[in-house]
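Engineer: The structure under discussion is supplied below as structure tokens; questions concerning it will follow.
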Amino acid sequence: MKKFLILIGFSLLAILLQLVVAPWFSIQGIKPDFILVLVMFVAILYGRVYGQLYGFGFGLIVDMIGIGSFLGLSAMVKSIAGFLAGYLKGRRNRFNSFTLYTFTCFIIFFHYLIFFLINFHSTDYTIQFLVVRYILPETIYTSVLFIVFDYILSLSND
Amino acid sequence: MWRKILSILFDFYDYFLLILLIFISFLILFMNEAPELRSFQGDVADVFSFIHFPGIWLDELSGLLKENEALKQENLQLKLQNVEFKEAYLENRRLKKMLGFLDSTAYEIVPAKVINRGTTPIANSILLNVGKNEGITPNLAVISIKGIIGKTIAVGDKTTQCQIFQDVNFRLSVKFQNSRVLGIVMWQSDGSAVVREIPNTAEIHPGELVLTSGYSKIYPPNIIVGEVIEVYQAENEPFQSAIIRSNADINTIEEAFVILSY
């Protein structure tokens, strides 16, 4: 019960950070995704099943309250991100930092790839344009955020 | 046989769960336009509307001084313009009376505050602090003093989600103010918009205003949509295209108006 309440607290905090803090760091409309980072941390801590369920639920709420995109899209991409990040549960210490962060970068890239491909499916934008304009910048920005939070958490664990 | 299937299900239940969640997500995506889902979305947005308060408070605090300075300048300009417009208005009324036209500019509007502009770089909706309680329904035009913003899509009791013009799926029937040519405007990801298939015979120049055509049940006529910034023609094409830019900046917009009737 206590864990559940802590999770709700962190979820509200992530939404607040996304709404209040992220716009300050916006570069050409590209913002770091606090919500995705939290989903990934939850998945790394609790595994694939909880990761994807949490990603789906949180993504759906984000879509519902109107800060996402198409209804159901955030739910889908965040459940996939939760599923993939859940692979790291219990394996985290087996990887060196480079491998760990490369894998998380890949998850974030894959998350945005699906997100932007579906979001722009009705337009004539090429995949190259979407990758250069949105997917890569978002991946880099959110990956940096993940690494910073991971570093802070590792310091507090020490 | 069944035992084998159950064993596979049990061994790979996390994969099956992912497939199920993706399936549900697709189902929701395909039902995006369903009124029941939109209504439910409006109700959920109502429950979570408190989440936006810190952002609004900070926005208001930081924007207040800047806004005050800008408003002072705008006020002076408007005062000067007002005299000119009043003259034109009186002349227009006299001429209308002579022609027997009725006054058709009485819009019923509801002012609203923008409480959220979306979190993704391709934000295609904003959240307003008005809802069913103020008489808002889906498919009403939303404007600002600088021009068109979009239309209402999901309405809760206290909040309304509005599809904005920058959404790449947004289409709007427009007319060019001077040349009176009609067209359909489509927005692009860089914030500009394009009106395609304009006859070559039409004389359109940069700086010309683009207005709503009025051939829509949602948008009243003569609402500013944007300004022409470039006109170009592809080789061997019988049509030309115009790039337009909106004056309404979604990233800074704080107030909006919902047109209930016109």
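Labeling convention for the structure tokens: chains A, B, ... as they appear, residues from 1 per chain, ligands from 1 in order of appearance.
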What lies within 9 Å of Val231 in chain B using only C-alpha atoms, ignoring chain neighbours under 6 positions off, as a list in words?

Structural biologist: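 My list of contacting residues is Ile204, His205, Pro206, Gln240, Ser241, Ala242, Ile243 and Ile244 of chain B.
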
Engineer: Excluding Val21 in chain A and any residue of its chain fewer than 6 positions from it, enumerate the residues within 12 Å of it, using only C-alpha atoms, and give them as a compact mmCIF listing (two decimals) with N, CA and C atoms, in the first residue's frame.

Structural biologist:
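Writing the result to selection.txt gives the following:
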# COMPACT_ATOMS: atom_id res chain seq x y z
N LEU A 13 4.10 13.95 -9.44
CA LEU A 13 5.30 14.80 -9.54
C LEU A 13 5.81 14.84 -10.99
N ALA A 14 5.79 13.67 -11.64
CA ALA A 14 6.27 13.61 -13.04
C ALA A 14 5.38 14.46 -13.96
N ILE A 15 4.06 14.39 -13.72
CA ILE A 15 3.15 15.20 -14.54
C ILE A 15 3.41 16.68 -14.29
N LYS A 31 11.07 18.84 -25.86
CA LYS A 31 11.14 18.87 -24.39
C LYS A 31 11.55 17.49 -23.86
N PRO A 32 12.25 17.47 -22.71
CA PRO A 32 12.54 16.16 -22.11
C PRO A 32 11.25 15.54 -21.57
N ASP A 33 11.17 14.22 -21.58
CA ASP A 33 9.94 13.53 -21.19
C ASP A 33 10.10 12.89 -19.80
N PHE A 34 9.67 13.61 -18.77
CA PHE A 34 9.78 13.12 -17.39
C PHE A 34 8.92 11.87 -17.18
N PRO B 54 -0.48 24.69 -10.63
CA PRO B 54 0.85 25.28 -10.41
C PRO B 54 1.44 25.92 -11.68
N GLY B 55 1.21 25.26 -12.81
CA GLY B 55 1.71 25.77 -14.09
C GLY B 55 1.07 27.10 -14.43
N LEU B 58 2.45 29.88 -12.12
CA LEU B 58 3.79 30.31 -12.52
C LEU B 58 3.76 31.11 -13.81
N ASP B 59 2.96 30.63 -14.75
CA ASP B 59 2.82 31.32 -16.04
C ASP B 59 2.33 32.74 -15.82
N THR B 119 2.20 18.43 -23.84
CA THR B 119 3.57 18.20 -23.41
C THR B 119 4.47 17.69 -24.52

Engineer: Could you write out as number ranges by chain the residues of chain A within 9 Å of chain B, counting only C-alpha atoms?

Structural biologist: A: 12, 15-16, 18-23, 26, 28-31, 33, 48-49, 52-53, 56, 60-61, 63-77, 79-80, 83, 116, 119-120, 122-123, 134, 138

Engineer: Considering only C-alpha atoms, return as an MDAnalysis selection string whatever protein or nucleic-acid residues lie within 12 Å of Val194 in chain B, sequence-local ones (same chain, fewer than 2 positions apart) excluded.

Structural biologist: chainID B and resid 166 168 170:174 183:192 196:198 210 225:232 240:246

Engineer: Write down as a ChimeraX atom specification the residues of range 54-257 of chain B whose backbone DSSP state falls under alpha helix (DSSP H).

Structural biologist: /B:54-99

Engineer: Please report the interatomic distance between CA of Lys132 in chain B and CA of Gly63 in chain B in Å with one decimal.

Structural biologist: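 These atoms are spaced 28.6 Å apart.
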
Engineer: Taking only range 3-252 of chain B into account, list the residues labelled strand (DSSP E) by DSSP (computed from the backbone), as a PyMOL selection string.

Structural biologist: chain B and resi 108-116+125-128+141-144+147-155+160-164+171-176+182-187+192-199+209-212+224-232+239-245
